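Dropping model.pdb in here (PDB, N, CA and C atoms):
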ATOM      1  N   MET R1466     113.163  94.049  81.848  1.00  0.00           N
ATOM      2  CA  MET R1466     112.903  95.455  82.118  1.00  0.00           C
ATOM      3  C   MET R1466     111.417  95.680  82.434  1.00  0.00           C
ATOM      4  N   PHE R1467     110.551  95.002  81.691  1.00  0.00           N
ATOM      5  CA  PHE R1467     109.124  95.199  81.939  1.00  0.00           C
ATOM      6  C   PHE R1467     108.733  94.729  83.331  1.00  0.00           C
ATOM      7  N   LYS R1468     109.332  93.628  83.766  1.00  0.00           N
ATOM      8  CA  LYS R1468     108.993  93.091  85.080  1.00  0.00           C
ATOM      9  C   LYS R1468     109.413  94.045  86.194  1.00  0.00           C
ATOM     10  N   LYS R1469     110.549  94.714  86.000  1.00  0.00           N
ATOM     11  CA  LYS R1469     111.068  95.624  87.019  1.00  0.00           C
ATOM     12  C   LYS R1469     110.209  96.887  87.133  1.00  0.00           C
ATOM     13  N   TYR R1470     109.741  97.393  86.009  1.00  0.00           N
ATOM     14  CA  TYR R1470     108.972  98.647  85.994  1.00  0.00           C
ATOM     15  C   TYR R1470     107.519  98.412  85.586  1.00  0.00           C
ATOM     16  N   LYS R1471     106.957  97.295  86.008  1.00  0.00           N
ATOM     17  CA  LYS R1471     105.607  96.922  85.603  1.00  0.00           C
ATOM     18  C   LYS R1471     104.570  97.976  86.003  1.00  0.00           C
ATOM     19  N   LEU R1472     104.611  98.441  87.231  1.00  0.00           N
ATOM     20  CA  LEU R1472     103.629  99.444  87.677  1.00  0.00           C
ATOM     21  C   LEU R1472     103.759 100.755  86.906  1.00  0.00           C
ATOM     22  N   THR R1473     104.977 101.141  86.593  1.00  0.00           N
ATOM     23  CA  THR R1473     105.178 102.378  85.843  1.00  0.00           C
ATOM     24  C   THR R1473     104.574 102.271  84.446  1.00  0.00           C
ATOM     25  N   PHE R1474     104.790 101.147  83.769  1.00  0.00           N
ATOM     26  CA  PHE R1474     104.218 100.964  82.437  1.00  0.00           C
ATOM     27  C   PHE R1474     102.698 100.897  82.476  1.00  0.00           C
ATOM     28  N   ILE R1475     102.155 100.278  83.498  1.00  0.00           N
ATOM     29  CA  ILE R1475     100.704 100.245  83.651  1.00  0.00           C
ATOM     30  C   ILE R1475     100.171 101.661  83.859  1.00  0.00           C
ATOM     31  N   GLY R1476     100.879 102.446  84.670  1.00  0.00           N
ATOM     32  CA  GLY R1476     100.479 103.831  84.901  1.00  0.00           C
ATOM     33  C   GLY R1476     100.531 104.668  83.641  1.00  0.00           C
ATOM     34  N   ILE R1477     101.564 104.463  82.822  1.00  0.00           N
ATOM     35  CA  ILE R1477     101.665 105.201  81.563  1.00  0.00           C
ATOM     36  C   ILE R1477     100.491 104.861  80.655  1.00  0.00           C
ATOM     37  N   PHE R1478     100.158 103.590  80.567  1.00  0.00           N
ATOM     38  CA  PHE R1478      99.048 103.156  79.722  1.00  0.00           C
ATOM     39  C   PHE R1478      97.719 103.731  80.197  1.00  0.00           C
ATOM     40  N   ILE R1479      97.460 103.644  81.491  1.00  0.00           N
ATOM     41  CA  ILE R1479      96.212 104.172  82.053  1.00  0.00           C
ATOM     42  C   ILE R1479      96.161 105.689  81.885  1.00  0.00           C
ATOM     43  N   GLY R1480      97.276 106.361  82.139  1.00  0.00           N
ATOM     44  CA  GLY R1480      97.312 107.814  82.006  1.00  0.00           C
ATOM     45  C   GLY R1480      97.092 108.288  80.583  1.00  0.00           C
ATOM     46  N   ALA R1481      97.624 107.545  79.620  1.00  0.00           N
ATOM     47  CA  ALA R1481      97.411 107.913  78.220  1.00  0.00           C
ATOM     48  C   ALA R1481      95.934 107.821  77.854  1.00  0.00           C
ATOM     49  N   ILE R1482      95.293 106.774  78.309  1.00  0.00           N
ATOM     50  CA  ILE R1482      93.861 106.623  78.041  1.00  0.00           C
ATOM     51  C   ILE R1482      93.064 107.733  78.716  1.00  0.00           C
ATOM     52  N   LEU R1483      93.372 107.998  79.982  1.00  0.00           N
ATOM     53  CA  LEU R1483      92.646 109.051  80.701  1.00  0.00           C
ATOM     54  C   LEU R1483      92.916 110.435  80.121  1.00  0.00           C
ATOM     55  N   GLY R1484      94.147 110.671  79.670  1.00  0.00           N
ATOM     56  CA  GLY R1484      94.469 111.952  79.050  1.00  0.00           C
ATOM     57  C   GLY R1484      93.684 112.172  77.778  1.00  0.00           C
ATOM     58  N   TYR R1485      93.570 111.131  76.961  1.00  0.00           N
ATOM     59  CA  TYR R1485      92.786 111.273  75.735  1.00  0.00           C
ATOM     60  C   TYR R1485      91.305 111.464  76.046  1.00  0.00           C
ATOM     61  N   LEU R1486      90.806 110.708  77.022  1.00  0.00           N
ATOM     62  CA  LEU R1486      89.395 110.863  77.384  1.00  0.00           C
ATOM     63  C   LEU R1486      89.109 112.261  77.923  1.00  0.00           C
ATOM     64  N   TYR R1487      90.068 112.814  78.656  1.00  0.00           N
ATOM     65  CA  TYR R1487      89.891 114.185  79.147  1.00  0.00           C
ATOM     66  C   TYR R1487      89.811 115.163  77.976  1.00  0.00           C
ATOM     67  N   TYR R1488      90.674 114.981  76.991  1.00  0.00           N
ATOM     68  CA  TYR R1488      90.617 115.832  75.790  1.00  0.00           C
ATOM     69  C   TYR R1488      89.275 115.670  75.091  1.00  0.00           C
ATOM     70  N   PHE R1489      88.830 114.437  74.939  1.00  0.00           N
ATOM     71  CA  PHE R1489      87.619 114.158  74.178  1.00  0.00           C
ATOM     72  C   PHE R1489      86.373 114.737  74.836  1.00  0.00           C
ATOM     73  N   TYR R1490      86.255 114.583  76.155  1.00  0.00           N
ATOM     74  CA  TYR R1490      85.033 115.010  76.842  1.00  0.00           C
ATOM     75  C   TYR R1490      85.093 116.426  77.396  1.00  0.00           C
ATOM     76  N   VAL R1491      86.269 116.887  77.815  1.00  0.00           N
ATOM     77  CA  VAL R1491      86.367 118.216  78.418  1.00  0.00           C
ATOM     78  C   VAL R1491      87.047 119.173  77.447  1.00  0.00           C
ATOM     79  N   GLY R1492      88.284 118.874  77.086  1.00  0.00           N
ATOM     80  CA  GLY R1492      89.043 119.612  76.080  1.00  0.00           C
ATOM     81  C   GLY R1492      88.860 121.118  76.060  1.00  0.00           C
ATOM     82  N   CYS R1493      89.585 121.754  75.202  1.00  0.00           N
ATOM     83  CA  CYS R1493      89.523 123.204  75.055  1.00  0.00           C
ATOM     84  C   CYS R1493      89.179 123.514  73.605  1.00  0.00           C
ATOM     85  N   ALA R1494      87.982 123.992  73.375  1.00  0.00           N
ATOM     86  CA  ALA R1494      87.508 124.215  72.011  1.00  0.00           C
ATOM     87  C   ALA R1494      88.159 125.423  71.346  1.00  0.00           C
ATOM     88  N   SER R1495      88.563 126.411  72.131  1.00  0.00           N
ATOM     89  CA  SER R1495      89.109 127.626  71.533  1.00  0.00           C
ATOM     90  C   SER R1495      90.554 127.473  71.073  1.00  0.00           C
ATOM     91  N   GLY R1496      91.263 126.483  71.579  1.00  0.00           N
ATOM     92  CA  GLY R1496      92.646 126.266  71.174  1.00  0.00           C
ATOM     93  C   GLY R1496      93.653 127.071  71.966  1.00  0.00           C
ATOM     94  N   THR R1497      93.218 127.775  72.989  1.00  0.00           N
ATOM     95  CA  THR R1497      94.143 128.587  73.777  1.00  0.00           C
ATOM     96  C   THR R1497      94.796 127.804  74.912  1.00  0.00           C
ATOM     97  N   CYS R1498      94.250 126.649  75.255  1.00  0.00           N
ATOM     98  CA  CYS R1498      94.822 125.825  76.317  1.00  0.00           C
ATOM     99  C   CYS R1498      95.960 125.002  75.733  1.00  0.00           C
ATOM    100  N   LYS R1499      97.125 125.074  76.342  1.00  0.00           N
ATOM    101  CA  LYS R1499      98.300 124.391  75.797  1.00  0.00           C
ATOM    102  C   LYS R1499      98.172 122.870  75.848  1.00  0.00           C
ATOM    103  N   ILE R1500      97.644 122.338  76.929  1.00  0.00           N
ATOM    104  CA  ILE R1500      97.615 120.882  77.087  1.00  0.00           C
ATOM    105  C   ILE R1500      96.359 120.269  76.477  1.00  0.00           C
ATOM    106  N   THR R1501      95.213 120.813  76.767  1.00  0.00           N
ATOM    107  CA  THR R1501      93.963 120.165  76.371  1.00  0.00           C
ATOM    108  C   THR R1501      93.462 120.563  74.989  1.00  0.00           C
ATOM    109  N   SER R1502      94.169 121.392  74.247  1.00  0.00           N
ATOM    110  CA  SER R1502      93.697 121.776  72.925  1.00  0.00           C
ATOM    111  C   SER R1502      94.079 120.753  71.863  1.00  0.00           C
ATOM    112  N   SER R1503      94.985 119.833  72.172  1.00  0.00           N
ATOM    113  CA  SER R1503      95.439 118.830  71.216  1.00  0.00           C
ATOM    114  C   SER R1503      95.349 117.440  71.854  1.00  0.00           C
ATOM    115  N   PRO R1504      94.870 116.446  71.104  1.00  0.00           N
ATOM    116  CA  PRO R1504      94.803 115.101  71.690  1.00  0.00           C
ATOM    117  C   PRO R1504      96.186 114.518  71.988  1.00  0.00           C
ATOM    118  N   VAL R1505      97.172 114.880  71.187  1.00  0.00           N
ATOM    119  CA  VAL R1505      98.528 114.375  71.427  1.00  0.00           C
ATOM    120  C   VAL R1505      99.081 114.944  72.728  1.00  0.00           C
ATOM    121  N   ASN R1506      98.950 116.249  72.914  1.00  0.00           N
ATOM    122  CA  ASN R1506      99.452 116.877  74.141  1.00  0.00           C
ATOM    123  C   ASN R1506      98.748 116.335  75.374  1.00  0.00           C
ATOM    124  N   SER R1507      97.457 116.187  75.293  1.00  0.00           N
ATOM    125  CA  SER R1507      96.686 115.705  76.432  1.00  0.00           C
ATOM    126  C   SER R1507      97.034 114.252  76.765  1.00  0.00           C
ATOM    127  N   THR R1508      97.215 113.413  75.745  1.00  0.00           N
ATOM    128  CA  THR R1508      97.569 112.023  75.958  1.00  0.00           C
ATOM    129  C   THR R1508      98.963 111.893  76.553  1.00  0.00           C
ATOM    130  N   LEU R1509      99.924 112.632  76.021  1.00  0.00           N
ATOM    131  CA  LEU R1509     101.289 112.567  76.542  1.00  0.00           C
ATOM    132  C   LEU R1509     101.373 113.100  77.963  1.00  0.00           C
ATOM    133  N   TYR R1510     100.664 114.168  78.253  1.00  0.00           N
ATOM    134  CA  TYR R1510     100.678 114.728  79.602  1.00  0.00           C
ATOM    135  C   TYR R1510     100.064 113.751  80.604  1.00  0.00           C
ATOM    136  N   GLY R1511      98.952 113.129  80.233  1.00  0.00           N
ATOM    137  CA  GLY R1511      98.326 112.138  81.106  1.00  0.00           C
ATOM    138  C   GLY R1511      99.239 110.946  81.345  1.00  0.00           C
ATOM    139  N   ALA R1512      99.917 110.480  80.292  1.00  0.00           N
ATOM    140  CA  ALA R1512     100.833 109.350  80.428  1.00  0.00           C
ATOM    141  C   ALA R1512     102.008 109.707  81.334  1.00  0.00           C
ATOM    142  N   LEU R1513     102.555 110.896  81.171  1.00  0.00           N
ATOM    143  CA  LEU R1513     103.694 111.323  81.985  1.00  0.00           C
ATOM    144  C   LEU R1513     103.313 111.443  83.460  1.00  0.00           C
ATOM    145  N   MET R1514     102.232 112.123  83.729  1.00  0.00           N
ATOM    146  CA  MET R1514     101.828 112.330  85.125  1.00  0.00           C
ATOM    147  C   MET R1514     101.441 111.017  85.808  1.00  0.00           C
ATOM    148  N   SER R1515     100.728 110.171  85.116  1.00  0.00           N
ATOM    149  CA  SER R1515     100.328 108.901  85.703  1.00  0.00           C
ATOM    150  C   SER R1515     101.524 107.964  85.864  1.00  0.00           C
ATOM    151  N   GLY R1516     102.443 107.981  84.913  1.00  0.00           N
ATOM    152  CA  GLY R1516     103.651 107.176  85.039  1.00  0.00           C
ATOM    153  C   GLY R1516     104.479 107.588  86.240  1.00  0.00           C
ATOM    154  N   LEU R1517     104.599 108.884  86.458  1.00  0.00           N
ATOM    155  CA  LEU R1517     105.325 109.366  87.637  1.00  0.00           C
ATOM    156  C   LEU R1517     104.608 108.992  88.929  1.00  0.00           C
ATOM    157  N   LEU R1518     103.303 109.069  88.916  1.00  0.00           N
ATOM    158  CA  LEU R1518     102.534 108.712  90.106  1.00  0.00           C
ATOM    159  C   LEU R1518     102.686 107.235  90.437  1.00  0.00           C
ATOM    160  N   PHE R1519     102.560 106.377  89.444  1.00  0.00           N
ATOM    161  CA  PHE R1519     102.662 104.941  89.684  1.00  0.00           C
ATOM    162  C   PHE R1519     104.096 104.531  90.021  1.00  0.00           C
ATOM    163  N   ASN R1520     105.071 105.292  89.555  1.00  0.00           N
ATOM    164  CA  ASN R1520     106.478 104.995  89.840  1.00  0.00           C
ATOM    165  C   ASN R1520     106.791 105.136  91.331  1.00  0.00           C
ATOM    166  N   ILE R1521     106.036 105.933  92.034  1.00  0.00           N
ATOM    167  CA  ILE R1521     106.239 106.111  93.472  1.00  0.00           C
ATOM    168  C   ILE R1521     106.055 104.779  94.201  1.00  0.00           C
ATOM    169  N   PHE R1522     105.173 103.929  93.694  1.00  0.00           N
ATOM    170  CA  PHE R1522     104.829 102.693  94.378  1.00  0.00           C
ATOM    171  C   PHE R1522     105.691 101.497  93.980  1.00  0.00           C
ATOM    172  N   GLU R1523     106.690 101.702  93.130  1.00  0.00           N
ATOM    173  CA  GLU R1523     107.609 100.618  92.761  1.00  0.00           C
ATOM    174  C   GLU R1523     108.465 100.237  93.960  1.00  0.00           C
ATOM    175  N   ASN R1524     108.755  98.958  94.088  1.00  0.00           N
ATOM    176  CA  ASN R1524     109.646  98.487  95.156  1.00  0.00           C
ATOM    177  C   ASN R1524     111.082  98.683  94.721  1.00  0.00           C
ATOM    178  N   LYS R1525     111.811  99.458  95.476  1.00  0.00           N
ATOM    179  CA  LYS R1525     113.211  99.702  95.169  1.00  0.00           C
ATOM    180  C   LYS R1525     114.070  98.886  96.146  1.00  0.00           C
ATOM    181  N   PRO R1526     115.137  98.276  95.662  1.00  0.00           N
ATOM    182  CA  PRO R1526     116.008  97.524  96.589  1.00  0.00           C
ATOM    183  C   PRO R1526     116.720  98.486  97.550  1.00  0.00           C
ATOM    184  N   LYS R1527     116.832  98.050  98.779  1.00  0.00           N
ATOM    185  CA  LYS R1527     117.484  98.889  99.792  1.00  0.00           C
ATOM    186  C   LYS R1527     118.994  98.728  99.707  1.00  0.00           C
ATOM    187  N   LYS R1528     119.693  99.850  99.816  1.00  0.00           N
ATOM    188  CA  LYS R1528     121.163  99.811  99.782  1.00  0.00           C
ATOM    189  C   LYS R1528     121.689  99.477 101.163  1.00  0.00           C
ATOM    190  N   LYS R1529     122.729  98.681 101.211  1.00  0.00           N
ATOM    191  CA  LYS R1529     123.321  98.294 102.496  1.00  0.00           C
ATOM    192  C   LYS R1529     124.618  99.029 102.729  1.00  0.00           C
TER     193      LYS R1529
END
Here is a file; write its structure as structure tokens.
Amino acid sequence: MFKKYKLTFIGIFIGAILGYLYYFYVGCASGTCKITSSPVNSTLYGALMSGLLFNIFENKPKKK
């Protein structure tokens, strides 16, 4: 399974790191921002968006 979706898993990992870094350096101090006010929300959102982005580049077998 990992070999088939390797790019997607790499994207999830990179996105999680970038999401947390965005929270850490930019974040929302007042707590009114839904995504960036919590490190968990920011990390999960980054992982989801990056995973979807990297999934676009996966090689899919062509149907005959």
Exercise for review: Pull out every residue that the PyMOL selection byres (((chain R and resi 1473 and name CA) around 9) and name CA) matches in the shown coordinates and put them as a list in words.
Suggested key: Tyr1470, Lys1471, Leu1472, Phe1474, Ile1475, Gly1476, Ile1477, Phe1478, Ser1515, Gly1516, Leu1517, Leu1518, Phe1519, Asn1520, Ile1521, Phe1522 and Glu1523 of chain R
Exercise for review: Find the distance between atom N of Leu1509 in chain R and atom N of Asn1524 in chain R and write it in Å to one decimal.
Suggested key: 24.3 Å
Practice item. Run DSSP on the backbone and give me the residues of chain R it puts in helix (DSSP H, G or I), as a ChimeraX atom specification. Key: /R:1471-1490,1504-1520
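Pairwise distance (atom N of Tyr1485 in chain R, atom N of Lys1525 in chain R) equals 28.5 Å.
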**Study point:** Point-to-point distance from atom C of Ser1503 in chain R to CA of Tyr1488 in chain R, Å rounded to tenths
**Key:** 6.4 Å
Practice item. Quick one: everything within 8 Å of Phe1489 in chain R, counting all atoms listed in the file, minus sequence neighbours fewer than 4 positions away in the same chain. Send it as JSON, numbers by chain. Key: {"R": [1483, 1484, 1485, 1493, 1501, 1503, 1504]}
Point to revise | R:Asn1506, R:Gly1511, R:Val1491, R:Lys1528 ranked by distance to Ile1479 in chain R, top pick (using only N, CA and C atoms) | key: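 Checking each candidate against Ile1479 in chain R, we get R:Gly1511 as the closest.
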Check your understanding: Given the choices R:Ala1481, R:Tyr1487, R:Thr1497, R:Gly1492, which gets closest to Leu1513 in chain R if the distance is worked out from only C-alpha atoms?
Key -> R:Ala1481
For range 1509-1523 of chain R, I'd like the enclosing box, axis-aligned and padded by 6 Å on every side, reported as JSON with centre and edge lengths in Å to one decimal.
{"center_x": 103.4, "center_y": 107.5, "center_z": 85.2, "size_x": 22.1, "size_y": 26.5, "size_z": 30.4}
Exercise for review: Using all atoms listed in the file, pick whichever of R:Lys1529, R:Leu1486, R:Ser1495, R:Phe1467 has the shortest atom-to-atom distance to Thr1508 in chain R.
Suggested key: R:Leu1486
